[in-house]
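Engineer: File model-v3.txt follows (compact mmCIF, C-alpha atoms):
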# COMPACT_ATOMS: atom_id res chain seq x y z
CA MET A 198 14.01 -34.89 -16.25
CA THR A 199 11.73 -34.48 -13.25
CA TYR A 200 10.36 -31.20 -11.94
CA GLN A 201 12.73 -31.39 -8.99
CA GLU A 202 15.68 -31.91 -11.34
CA ALA A 203 14.57 -28.86 -13.33
CA ILE A 204 14.39 -26.79 -10.14
CA ASP A 205 17.82 -28.06 -9.10
CA TRP A 206 19.28 -26.98 -12.44
CA LEU A 207 17.70 -23.55 -12.17
CA TYR A 208 19.03 -23.34 -8.61
CA GLU A 209 22.55 -23.93 -9.93
CA LEU A 210 22.15 -21.04 -12.37
CA ARG A 211 21.98 -18.76 -9.35
CA LEU A 212 25.68 -19.39 -8.83
CA LEU A 213 26.28 -17.39 -12.02
CA GLY A 214 24.72 -14.41 -10.29
CA SER A 215 22.57 -11.87 -12.11
CA LYS A 216 23.98 -9.51 -14.68
CA LEU A 217 22.48 -6.28 -16.00
CA GLY A 218 22.56 -6.18 -19.79
CA LEU A 219 20.51 -7.12 -22.84
CA GLU A 220 22.99 -8.96 -25.09
CA ASN A 221 22.49 -12.42 -23.59
CA PRO A 222 18.70 -12.30 -23.24
CA ARG A 223 18.37 -11.03 -26.80
CA GLN A 224 20.57 -13.83 -28.09
CA LEU A 225 18.80 -16.46 -25.99
CA ALA A 226 15.39 -15.23 -27.15
CA ALA A 227 16.58 -15.30 -30.77
CA LEU A 228 17.73 -18.92 -30.37
CA ALA A 229 14.28 -19.71 -28.96
CA GLY A 230 12.62 -18.18 -32.03
CA ASN A 231 11.93 -14.72 -30.57
CA PRO A 232 8.67 -15.76 -28.92
CA HIS A 233 8.04 -12.25 -27.60
CA GLN A 234 7.54 -10.91 -31.11
CA SER A 235 4.11 -12.56 -31.29
CA LEU A 236 2.91 -11.06 -27.99
CA LYS A 237 1.52 -7.81 -26.62
CA PHE A 238 3.04 -6.52 -23.37
CA ILE A 239 2.39 -3.94 -20.71
CA HIS A 240 5.83 -3.41 -19.19
CA VAL A 241 5.94 -2.29 -15.56
CA ALA A 242 8.94 -0.88 -13.65
CA GLY A 243 9.33 1.03 -10.40
CA THR A 244 10.43 0.43 -6.83
CA ASN A 245 7.21 -0.33 -4.96
CA GLY A 246 3.91 -1.67 -6.27
CA LYS A 247 5.08 -3.25 -9.54
CA GLY A 248 3.60 -6.64 -8.75
CA SER A 249 0.38 -5.15 -7.41
CA VAL A 250 -0.18 -3.09 -10.57
CA CYS A 251 0.58 -6.12 -12.75
CA ALA A 252 -1.88 -8.21 -10.72
CA MET A 253 -4.54 -5.51 -11.06
CA LEU A 254 -4.08 -5.19 -14.82
CA GLU A 255 -4.15 -8.97 -15.18
CA SER A 256 -7.39 -9.21 -13.22
CA ILE A 257 -9.03 -6.48 -15.31
CA TYR A 258 -8.08 -7.97 -18.66
CA ARG A 259 -9.00 -11.49 -17.59
CA ALA A 260 -12.40 -10.16 -16.47
CA ALA A 261 -12.72 -8.69 -19.96
CA GLY A 262 -12.24 -12.13 -21.49
CA TYR A 263 -8.64 -11.76 -22.62
CA LYS A 264 -6.12 -14.55 -22.12
CA THR A 265 -3.49 -13.12 -19.81
CA GLY A 266 0.14 -13.84 -19.06
CA LEU A 267 1.64 -12.67 -15.78
CA TYR A 268 5.39 -12.55 -15.14
CA THR A 269 6.53 -11.38 -11.70
CA SER A 270 9.37 -11.88 -9.24
CA PRO A 271 10.39 -12.92 -6.71
CA HIS A 272 8.06 -15.73 -5.74
CA LEU A 273 6.65 -16.32 -2.28
CA VAL A 274 6.59 -20.09 -2.11
CA SER A 275 6.90 -21.75 -5.52
CA PHE A 276 8.94 -20.86 -8.59
CA ARG A 277 5.79 -21.56 -10.62
CA GLU A 278 4.21 -18.35 -9.27
CA ARG A 279 6.50 -16.34 -11.51
CA ILE A 280 4.90 -17.53 -14.76
CA GLN A 281 1.09 -17.66 -14.90
CA VAL A 282 -1.56 -17.81 -17.62
CA ASN A 283 -5.02 -16.66 -16.55
CA ARG A 284 -3.63 -16.80 -12.97
CA GLU A 285 -2.89 -20.52 -13.32
CA LEU A 286 0.65 -21.36 -12.26
CA ILE A 287 2.80 -22.84 -14.96
CA ALA A 288 2.54 -26.65 -14.83
CA GLU A 289 5.45 -28.63 -13.44
CA MET A 290 5.87 -30.58 -16.68
CA GLU A 291 5.94 -27.34 -18.67
CA VAL A 292 8.76 -26.14 -16.40
CA VAL A 293 10.55 -29.39 -17.22
CA ARG A 294 10.00 -28.98 -20.98
CA LEU A 295 11.18 -25.39 -21.00
CA THR A 296 14.18 -26.20 -18.82
CA GLU A 297 15.28 -28.92 -21.23
CA CYS A 298 14.93 -26.44 -24.11
CA MET A 299 17.03 -23.87 -22.25
CA GLN A 300 19.71 -26.45 -21.46
CA ALA A 301 20.10 -27.14 -25.18
CA LEU A 302 20.24 -23.45 -26.06
CA LEU A 303 22.75 -22.61 -23.35
CA ARG A 304 25.26 -24.97 -24.94
CA LYS A 305 25.52 -22.43 -27.76
CA PHE A 306 26.89 -19.74 -25.43
CA PRO A 307 30.57 -19.27 -24.54
CA ALA A 308 31.42 -21.01 -21.28
CA GLU A 309 32.74 -17.74 -19.83
CA GLN A 310 29.52 -15.78 -20.54
CA PRO A 311 26.45 -17.97 -20.03
CA PRO A 312 22.97 -16.52 -19.48
CA THR A 313 21.99 -16.07 -15.85
CA PHE A 314 19.02 -17.40 -13.89
CA PHE A 315 16.82 -14.37 -14.50
CA GLU A 316 17.71 -14.20 -18.18
CA VAL A 317 16.86 -17.87 -18.64
CA ILE A 318 13.54 -17.78 -16.82
CA THR A 319 12.54 -14.59 -18.64
CA VAL A 320 12.91 -16.35 -21.99
CA MET A 321 11.18 -19.42 -20.56
CA ALA A 322 8.25 -17.21 -19.63
CA LEU A 323 8.12 -15.55 -23.05
CA GLU A 324 8.03 -18.95 -24.77
CA HIS A 325 5.32 -20.21 -22.41
CA PHE A 326 3.15 -17.16 -23.07
CA ALA A 327 3.66 -17.47 -26.83
CA ARG A 328 2.70 -21.17 -26.80
CA ALA A 329 -0.38 -20.32 -24.74
CA ARG A 330 -1.25 -17.57 -27.25
CA CYS A 331 -1.82 -14.96 -24.58
CA ASP A 332 -3.66 -11.85 -25.69
CA ILE A 333 -1.78 -9.62 -23.25
CA VAL A 334 1.22 -10.17 -20.98
CA LEU A 335 1.78 -8.16 -17.80
CA LEU A 336 5.55 -8.04 -17.54
CA GLU A 337 7.28 -6.90 -14.35
CA THR A 338 10.93 -5.89 -14.47
CA GLY A 339 13.29 -7.74 -12.18
CA LEU A 340 15.72 -4.95 -11.26
CA GLY A 341 15.89 -1.46 -12.68
CA GLY A 342 14.61 -1.46 -16.23
CA ARG A 343 17.11 -0.11 -18.73
CA LEU A 344 19.35 -3.18 -18.59
CA ASP A 345 16.80 -5.63 -17.22
CA ALA A 346 16.32 -8.85 -19.19
CA THR A 347 12.63 -8.04 -19.67
CA ASN A 348 13.58 -4.93 -21.65
CA ILE A 349 14.07 -6.91 -24.85
CA VAL A 350 10.32 -6.58 -25.57
CA THR A 351 8.49 -3.79 -27.36
CA PRO A 352 5.38 -3.13 -25.24
CA ILE A 353 2.07 -1.52 -26.11
CA ALA A 354 2.31 0.53 -22.90
CA THR A 355 4.87 1.24 -20.20
CA VAL A 356 4.06 1.90 -16.56
CA ILE A 357 6.24 3.32 -13.79
CA THR A 358 5.16 2.75 -10.18
CA PRO A 359 6.50 4.86 -7.28
CA ILE A 360 10.28 5.19 -7.35
CA ALA A 361 12.15 5.10 -4.04
CA PHE A 362 15.55 4.17 -2.65
CA ASP A 363 16.33 0.47 -3.00
CA HIS A 364 19.14 -1.56 -4.61
CA GLN A 365 21.34 1.54 -4.59
CA GLN A 366 24.44 -0.62 -4.99
CA TYR A 367 23.19 -1.56 -8.46
CA LEU A 368 20.97 1.31 -9.59
CA GLY A 369 22.72 4.38 -8.19
CA GLU A 370 22.91 6.37 -4.99
CA THR A 371 20.56 9.20 -5.95
CA LEU A 372 16.86 9.12 -6.75
CA ALA A 373 17.65 10.62 -10.17
CA GLN A 374 20.05 7.78 -10.97
CA ILE A 375 17.52 5.17 -9.87
CA ALA A 376 14.81 6.88 -11.91
CA THR A 377 17.10 6.86 -14.94
CA GLU A 378 17.41 3.09 -14.71
CA LYS A 379 13.66 2.63 -14.23
CA SER A 380 12.83 4.98 -17.11
CA GLY A 381 14.88 2.78 -19.44
CA ILE A 382 11.74 0.79 -20.27
CA LEU A 383 10.08 3.85 -21.84
CA LYS A 384 9.97 3.72 -25.64
CA GLN A 385 9.39 6.49 -28.16
CA GLY A 386 5.81 6.45 -29.42
CA ILE A 387 4.64 3.98 -26.75
CA PRO A 388 2.07 5.25 -24.18
CA ALA A 389 3.78 5.91 -20.84
CA LEU A 390 2.04 6.30 -17.49
CA SER A 391 3.44 6.91 -14.04
CA ALA A 392 2.33 7.05 -10.45
CA PRO A 393 2.96 10.35 -8.65
CA GLN A 394 6.71 10.70 -8.10
CA LEU A 395 9.03 12.64 -5.86
CA PRO A 396 10.30 15.76 -7.69
CA GLU A 397 13.76 14.37 -8.42
CA ALA A 398 12.34 11.20 -10.02
CA ARG A 399 9.57 13.07 -11.81
CA ALA A 400 12.07 15.41 -13.47
CA VAL A 401 13.95 12.44 -14.93
CA LEU A 402 10.79 10.80 -16.26
CA GLU A 403 9.62 14.05 -17.84
CA GLN A 404 12.88 14.31 -19.76
CA THR A 405 12.29 10.96 -21.49
CA GLY A 406 9.27 12.19 -23.48
CA PRO A 407 5.50 12.45 -23.08
CA ILE A 408 4.32 10.69 -19.93
CA THR A 409 1.04 10.84 -18.02
CA PHE A 410 1.25 11.16 -14.24
CA VAL A 411 -1.80 9.57 -12.66
CA GLU A 412 -3.25 11.14 -9.52
CA GLY A 413 -6.14 9.99 -7.37
CA GLU A 414 -7.39 6.67 -6.05
CA HIS A 415 -9.66 3.85 -7.20
CA ASP A 416 -11.38 1.19 -5.10
CA THR A 417 -9.80 -2.26 -5.09
CA ALA A 418 -9.84 -5.47 -3.09
CA LEU A 419 -6.24 -4.83 -2.00
CA THR A 420 -5.94 -2.81 1.19
CA GLY A 421 -4.49 0.61 1.85
CA LYS A 422 -4.29 4.01 0.22
CA HIS A 423 -1.21 2.96 -1.76
CA GLN A 424 -3.18 0.14 -3.36
CA ARG A 425 -6.00 2.52 -4.26
CA GLN A 426 -3.36 4.70 -5.91
CA ASN A 427 -1.98 1.64 -7.71
CA ALA A 428 -5.54 0.88 -8.83
CA ALA A 429 -5.87 4.39 -10.26
CA LEU A 430 -2.66 3.82 -12.24
CA ALA A 431 -3.96 0.49 -13.55
CA THR A 432 -7.30 2.09 -14.46
CA ALA A 433 -5.60 4.89 -16.38
CA THR A 434 -3.45 2.34 -18.24
CA VAL A 435 -6.53 0.42 -19.31
CA GLY A 436 -8.10 3.67 -20.48
CA ALA A 437 -5.03 4.58 -22.51
CA LEU A 438 -5.24 1.22 -24.29
CA GLN A 439 -8.98 1.21 -24.91
CA ASN A 440 -8.48 1.32 -28.68
CA THR A 441 -5.90 -1.49 -28.59
CA LEU A 442 -7.46 -3.71 -25.92
CA PRO A 443 -11.07 -2.60 -25.59
CA ILE A 444 -13.07 -3.56 -22.51
CA LYS A 445 -16.72 -3.04 -21.62
CA ASN A 446 -18.00 -0.62 -19.01
CA GLY A 447 -17.75 -2.02 -15.50
CA THR A 448 -15.00 -4.51 -16.31
CA THR A 449 -12.32 -2.44 -14.59
CA GLU A 450 -14.36 -2.36 -11.39
CA THR A 451 -14.96 -6.12 -11.58
CA GLY A 452 -11.28 -6.83 -12.09
CA LEU A 453 -10.13 -4.58 -9.27
CA ALA A 454 -12.75 -6.00 -6.91
CA ASN A 455 -11.47 -9.52 -7.50
CA VAL A 456 -7.72 -8.99 -7.69
CA ARG A 457 -5.53 -11.07 -5.40
CA TRP A 458 -1.88 -10.49 -4.55
CA PRO A 459 -0.72 -12.49 -1.53
CA ALA A 460 1.31 -11.14 1.38
CA ARG A 461 0.75 -7.50 0.50
CA GLY A 462 -1.29 -6.20 3.39
CA GLN A 463 -3.13 -9.52 3.42
CA VAL A 464 -5.20 -10.30 6.51
CA PHE A 465 -5.98 -13.82 7.71
CA LYS A 466 -8.05 -15.18 10.55
CA HIS A 467 -5.89 -17.95 11.98
CA ASN A 468 -6.76 -19.96 15.10
CA GLY A 469 -8.98 -17.15 16.39
CA ARG A 470 -6.47 -14.36 15.90
CA LYS A 471 -5.72 -11.80 13.24
CA LEU A 472 -2.61 -12.09 11.07
CA LEU A 473 -1.48 -9.38 8.68
CA LEU A 474 1.22 -10.36 6.19
CA ASP A 475 3.05 -7.65 4.29
CA ALA A 476 6.35 -7.81 2.45
CA VAL A 477 8.52 -4.77 3.29
CA HIS A 478 11.92 -4.31 1.68
CA ASN A 479 12.75 -0.61 1.92
CA PRO A 480 11.84 2.44 4.03
CA ALA A 481 9.12 3.57 1.61
CA SER A 482 7.29 0.25 1.88
CA ALA A 483 7.74 0.33 5.68
CA GLU A 484 6.03 3.73 5.74
CA THR A 485 3.23 2.29 3.65
CA LEU A 486 2.67 -0.55 6.13
CA ARG A 487 2.66 1.94 9.01
CA ASP A 488 0.01 3.98 7.15
CA VAL A 489 -2.09 0.87 6.47
CA LEU A 490 -2.08 0.01 10.17
CA ALA A 491 -3.11 3.56 11.09
CA GLU A 492 -5.89 3.64 8.48
CA LEU A 493 -7.37 0.16 8.83
CA HIS A 494 -6.43 -0.82 12.38
CA PRO A 495 -6.50 2.49 14.29
CA GLY A 496 -5.64 2.38 17.96
CA GLN A 497 -4.34 -1.18 17.75
CA ARG A 498 -0.74 -2.02 18.59
CA PRO A 499 0.09 -5.40 17.10
CA THR A 500 2.86 -7.82 17.82
CA LEU A 501 5.41 -7.27 15.10
CA MET A 502 7.33 -10.27 13.78
CA LEU A 503 10.23 -8.92 11.75
CA GLY A 504 13.00 -10.47 9.67
CA VAL A 505 15.17 -8.55 7.20
CA LEU A 506 18.14 -8.93 4.89
CA ALA A 507 21.39 -7.30 5.91
CA ASP A 508 21.86 -5.60 2.51
CA LYS A 509 18.62 -3.63 2.86
CA ASN A 510 18.20 -0.26 4.58
CA TRP A 511 16.91 -2.03 7.66
CA GLU A 512 17.90 0.67 10.15
CA GLN A 513 15.36 3.09 8.70
CA MET A 514 12.77 0.32 8.37
CA VAL A 515 13.15 -0.47 12.08
CA GLY A 516 12.78 3.20 12.98
CA ILE A 517 9.49 3.33 11.09
CA LEU A 518 7.92 0.05 12.21
CA ALA A 519 9.15 -0.70 15.74
CA PRO A 520 7.34 2.27 17.36
CA VAL A 521 3.91 0.99 16.26
CA ALA A 522 4.29 -2.41 17.95
CA ALA A 523 3.11 -3.66 21.33
CA ARG A 524 6.07 -6.01 21.20
CA VAL A 525 8.57 -7.12 18.58
CA VAL A 526 9.73 -10.65 17.77
CA CYS A 527 12.91 -10.66 15.68
CA VAL A 528 13.58 -13.70 13.53
CA PRO A 529 16.25 -14.69 11.01
CA VAL A 530 15.42 -15.02 7.32
CA SER A 531 16.28 -18.24 5.50
CA SER A 532 18.91 -16.54 3.38
CA GLU A 533 22.66 -16.21 3.48
CA ARG A 534 22.00 -12.46 3.41
CA THR A 535 19.92 -12.44 6.62
CA LEU A 536 20.52 -9.92 9.35
CA PRO A 537 21.06 -11.84 12.63
CA ALA A 538 17.98 -11.64 14.83
CA ASP A 539 19.93 -10.38 17.83
CA GLU A 540 21.40 -7.51 15.80
CA LEU A 541 17.91 -6.64 14.58
CA ALA A 542 16.61 -6.74 18.15
CA ASN A 543 19.36 -4.38 19.33
CA ALA A 544 18.21 -1.89 16.70
CA CYS A 545 14.55 -2.24 17.73
CA ARG A 546 15.01 -1.67 21.47
CA PRO A 547 15.85 2.07 21.35
CA GLN A 548 12.81 2.64 19.12
CA ASN A 549 10.23 1.27 21.53
CA ASP A 550 9.95 0.58 25.25
CA CYS A 551 8.02 -2.62 24.58
CA GLU A 552 9.30 -6.18 24.89
CA VAL A 553 11.72 -7.23 22.15
CA VAL A 554 12.18 -10.98 21.71
CA VAL A 555 14.96 -12.76 19.82
CA ALA A 556 13.95 -16.03 18.14
CA GLU A 557 16.54 -18.43 16.80
CA SER A 558 14.26 -19.50 13.95
CA LEU A 559 10.97 -18.60 12.31
CA GLU A 560 9.40 -21.66 13.88
CA GLU A 561 10.46 -20.41 17.33
CA GLY A 562 9.16 -16.96 16.49
CA LEU A 563 5.75 -18.28 15.43
CA ALA A 564 5.53 -20.22 18.68
CA ALA A 565 6.29 -17.02 20.60
CA VAL A 566 3.33 -15.20 19.02
CA ALA A 567 0.91 -18.13 18.97
CA LYS A 568 -1.39 -16.57 21.62
CA ASP A 569 -1.21 -12.95 20.48
CA ASP A 570 -4.48 -11.50 19.15
CA PHE A 571 -3.02 -9.38 16.34
CA VAL A 572 0.28 -10.27 14.68
CA VAL A 573 1.94 -8.46 11.79
CA ILE A 574 4.50 -10.60 9.97
CA THR A 575 6.70 -8.40 7.83
CA GLY A 576 10.11 -7.83 6.33
CA SER A 577 11.74 -9.90 3.61
CA ILE A 578 9.46 -11.61 1.10
CA TYR A 579 11.51 -14.76 1.79
CA LEU A 580 10.26 -14.63 5.38
CA LEU A 581 6.65 -14.12 4.26
CA GLY A 582 6.74 -17.14 1.97
CA GLU A 583 8.26 -19.38 4.63
CA ALA A 584 5.72 -18.16 7.20
CA MET A 585 2.83 -18.93 4.85
CA GLU A 586 4.12 -22.46 4.43
CA MET A 587 4.58 -23.02 8.17
CA LEU A 588 1.15 -21.59 8.98
CA GLY A 589 -0.56 -23.72 6.36
CA LEU A 590 -1.59 -20.66 4.34
CA ALA A 591 0.18 -22.00 1.26
CA GLU A 592 1.23 -25.41 0.01
CA ALA A 593 4.73 -26.24 1.23
CA VAL A 594 7.14 -26.73 -1.69
CA ASP A 595 10.41 -25.40 -0.21
CA GLU A 596 11.73 -23.44 -3.19
CA PRO A 597 12.57 -20.03 -1.65
CA ASN A 598 16.29 -20.35 -2.34
CA LEU A 599 15.59 -19.75 -6.03
CA ASN A 600 15.09 -16.10 -5.03
CA GLU A 601 18.76 -15.79 -4.06
CA TRP A 602 21.18 -14.13 -6.44
CA LYS A 603 24.21 -11.91 -6.64
CA MET A 604 24.56 -9.05 -9.06
CA SER A 605 27.32 -7.96 -11.39
CA ARG A 606 27.22 -5.14 -13.92
CA PRO A 607 28.11 -5.67 -17.59
Spit out the file's structure as structure tokens when you get a sec.

Structural biologist:
Amino acid sequence: MTYQEAIDWLYELRLLGSKLGLENPRQLAALAGNPHQSLKFIHVAGTNGKGSVCAMLESIYRAAGYKTGLYTSPHLVSFRERIQVNRELIAEMEVVRLTECMQALLRKFPAEQPPTFFEVITVMALEHFARARCDIVLLETGLGGRLDATNIVTPIATVITPIAFDHQQYLGETLAQIATEKSGILKQGIPALSAPQLPEARAVLEQTGPITFVEGEHDTALTGKHQRQNAALATATVGALQNTLPIKNGTTETGLANVRWPARGQVFKHNGRKLLLDAVHNPASAETLRDVLAELHPGQRPTLMLGVLADKNWEQMVGILAPVAARVVCVPVSSERTLPADELANACRPQNDCEVVVAESLEEGLAAVAKDDFVVITGSIYLLGEAMEMLGLAEAVDEPNLNEWKMSRP
């Protein structure tokens, strides 16, 4: 099997959709020898900032000399981003080996109830981390928490980042329902920490047992107040685990100063102009981007390149972001779930009296902003990954479709 054949097989698993529930991942992990039982985990759930907090914790513990595993989703450009050891992407041949193992194990499942893409790659990641003998694994939930495939592990700490409205069709229509799903990773007797939460979400988390709500900010290489708040949460988590995973004084600061997490408020100088790339997938993250622009780029009105998925709350996102732009370029996302660019443009026009441009493709959109001094590329993470490839900011591998899935409940 080649790496491309492995990716093709994983791509086909997407057709099975994604299913909330723990029976299949538990069984698949058991068939693989329960690799997670030899590992320590910090399990992270929430709506916004999960990946950033995982990246911060990884950077801190790596700076302390620990061997780290990092499991996040979705990926920007390459599937291999999802599974990293000491921030090294999983090797192509290791993807092949693990895929062949999973193929053999999947033959032991009933044809009518096979494991899904996310369940398979979660167990692949656990086996990779166990073989690498990681000292600590930073484990990000995929969706929700209670019934997420990652919830088969017993962590040494659980972390909840800010909870907001997103994926309501799967997690519930109220903030309390969403918080209930996220809080499903919390375990009795396991340290639990949370970012500040809206009252409705906080009340749910408080009902689950002792939990520490972390206020304040901490300096970090990632930009914006929200990232300083994420850094405070990561710092408090490290402090809570000092007896389990001790680190020396100053290591937290070193880790946070060197953390990298692409396309989250990331600024590039590109052909003499400024590019800001930020993935935005719900109104709360749109508000965060607006605040970052006001804090770090005051008085500047950038060109906004925007592409969103139709199943997101894009109307509110447009209402938040369009008013800050000098002009807006609407582009389609390379996804069957994309909102047509002309429909997006029609929503932008009443929000701003600036020029609103419709591009038939991302390539056309990038050409339209090629001479603009300050461009913000935002919206779907699929769009951000494709833009990074086209702009030469990341190696082109053309694997974004692996991010596509459909959900069914158990």

Engineer: So what do you get for atom CA of Arg223 of chain A versus atom CA of Leu295 of chain A, distance-wise?

Structural biologist: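 Between atom CA of Arg223 of chain A and atom CA of Leu295 of chain A the gap works out to 17.1 Å.
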
Engineer: Nearest to Thr409 of chain A: which of A:Leu302, A:Ala392, A:Ala483, A:Val477 is it, counting all atoms listed in the file?

Structural biologist: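 Of A:Leu302, A:Ala392, A:Ala483, A:Val477, the one nearest Thr409 of chain A is A:Ala392, counting all atoms listed in the file.
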
Engineer: Can you tell me how far atom CA of Ser391 of chain A sits from atom CA of Ile257 of chain A, in Å to one decimal?

Structural biologist: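 Calculated distance between atom CA of Ser391 of chain A and atom CA of Ile257 of chain A is 18.3 Å.
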
Engineer: Quick one: residues within 9 Å of segment 533-543 of chain A, only C-alpha atoms, excluding same-chain residues fewer than 5 positions away - as a ChimeraX atom specification?

Structural biologist: /A:503-508,511-512,515,525-528,553-558,601

Engineer: Could you work out how far atom CA of Ala373 of chain A lies from atom CA of Glu414 of chain A, giving the answer in Å with one decimal?

Structural biologist: 25.7 Å

Engineer: Looking at all atoms listed in the file, which of A:Ala354, A:Ala389, A:Ala346, A:Ala431 is the one that sits closest to Phe314 of chain A?

Structural biologist: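 Between A:Ala354, A:Ala389, A:Ala346, A:Ala431, the residue approaching Phe314 of chain A most closely is A:Ala346.
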
Engineer: Rebuild N, CA and C atoms on segment 268-283 of chain A, as a PDB file, keeping the file's coordinate frame?

Structural biologist:
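File written: rebuild-v7.pdb
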ATOM      1  N   TYR A 268       4.002 -12.222 -15.475  1.00  0.00           N
ATOM      2  CA  TYR A 268       5.390 -12.550 -15.140  1.00  0.00           C
ATOM      3  C   TYR A 268       5.855 -11.616 -14.042  1.00  0.00           C
ATOM      4  N   THR A 269       6.132 -12.175 -12.861  1.00  0.00           N
ATOM      5  CA  THR A 269       6.530 -11.380 -11.700  1.00  0.00           C
ATOM      6  C   THR A 269       7.670 -12.062 -10.966  1.00  0.00           C
ATOM      7  N   SER A 270       8.309 -11.320 -10.094  1.00  0.00           N
ATOM      8  CA  SER A 270       9.370 -11.880  -9.240  1.00  0.00           C
ATOM      9  C   SER A 270       9.567 -10.954  -8.041  1.00  0.00           C
ATOM     10  N   PRO A 271      10.111 -11.497  -6.928  1.00  0.00           N
ATOM     11  CA  PRO A 271      10.390 -12.920  -6.710  1.00  0.00           C
ATOM     12  C   PRO A 271       9.115 -13.661  -6.364  1.00  0.00           C
ATOM     13  N   HIS A 272       9.236 -14.965  -6.142  1.00  0.00           N
ATOM     14  CA  HIS A 272       8.060 -15.730  -5.740  1.00  0.00           C
ATOM     15  C   HIS A 272       8.017 -15.856  -4.223  1.00  0.00           C
ATOM     16  N   LEU A 273       6.825 -16.128  -3.718  1.00  0.00           N
ATOM     17  CA  LEU A 273       6.650 -16.320  -2.280  1.00  0.00           C
ATOM     18  C   LEU A 273       7.031 -17.723  -1.850  1.00  0.00           C
ATOM     19  N   VAL A 274       6.441 -18.701  -2.530  1.00  0.00           N
ATOM     20  CA  VAL A 274       6.590 -20.090  -2.110  1.00  0.00           C
ATOM     21  C   VAL A 274       7.139 -20.964  -3.231  1.00  0.00           C
ATOM     22  N   SER A 275       6.534 -20.880  -4.402  1.00  0.00           N
ATOM     23  CA  SER A 275       6.900 -21.750  -5.520  1.00  0.00           C
ATOM     24  C   SER A 275       7.404 -20.952  -6.702  1.00  0.00           C
ATOM     25  N   PHE A 276       8.434 -21.456  -7.350  1.00  0.00           N
ATOM     26  CA  PHE A 276       8.940 -20.860  -8.590  1.00  0.00           C
ATOM     27  C   PHE A 276       7.827 -20.680  -9.608  1.00  0.00           C
ATOM     28  N   ARG A 277       6.861 -21.571  -9.612  1.00  0.00           N
ATOM     29  CA  ARG A 277       5.790 -21.560 -10.620  1.00  0.00           C
ATOM     30  C   ARG A 277       4.925 -20.301 -10.540  1.00  0.00           C
ATOM     31  N   GLU A 278       4.958 -19.596  -9.396  1.00  0.00           N
ATOM     32  CA  GLU A 278       4.210 -18.350  -9.270  1.00  0.00           C
ATOM     33  C   GLU A 278       4.676 -17.290 -10.257  1.00  0.00           C
ATOM     34  N   ARG A 279       5.924 -17.382 -10.677  1.00  0.00           N
ATOM     35  CA  ARG A 279       6.500 -16.340 -11.510  1.00  0.00           C
ATOM     36  C   ARG A 279       5.892 -16.287 -12.913  1.00  0.00           C
ATOM     37  N   ILE A 280       5.373 -17.414 -13.385  1.00  0.00           N
ATOM     38  CA  ILE A 280       4.900 -17.530 -14.760  1.00  0.00           C
ATOM     39  C   ILE A 280       3.474 -18.086 -14.717  1.00  0.00           C
ATOM     40  N   GLN A 281       2.489 -17.252 -15.017  1.00  0.00           N
ATOM     41  CA  GLN A 281       1.090 -17.660 -14.900  1.00  0.00           C
ATOM     42  C   GLN A 281       0.317 -17.267 -16.157  1.00  0.00           C
ATOM     43  N   VAL A 282      -0.627 -18.108 -16.541  1.00  0.00           N
ATOM     44  CA  VAL A 282      -1.560 -17.810 -17.620  1.00  0.00           C
ATOM     45  C   VAL A 282      -2.964 -17.871 -17.036  1.00  0.00           C
ATOM     46  N   ASN A 283      -3.698 -16.776 -17.183  1.00  0.00           N
ATOM     47  CA  ASN A 283      -5.020 -16.660 -16.550  1.00  0.00           C
ATOM     48  C   ASN A 283      -4.968 -17.009 -15.055  1.00  0.00           C
TER      49      ASN A 283
END
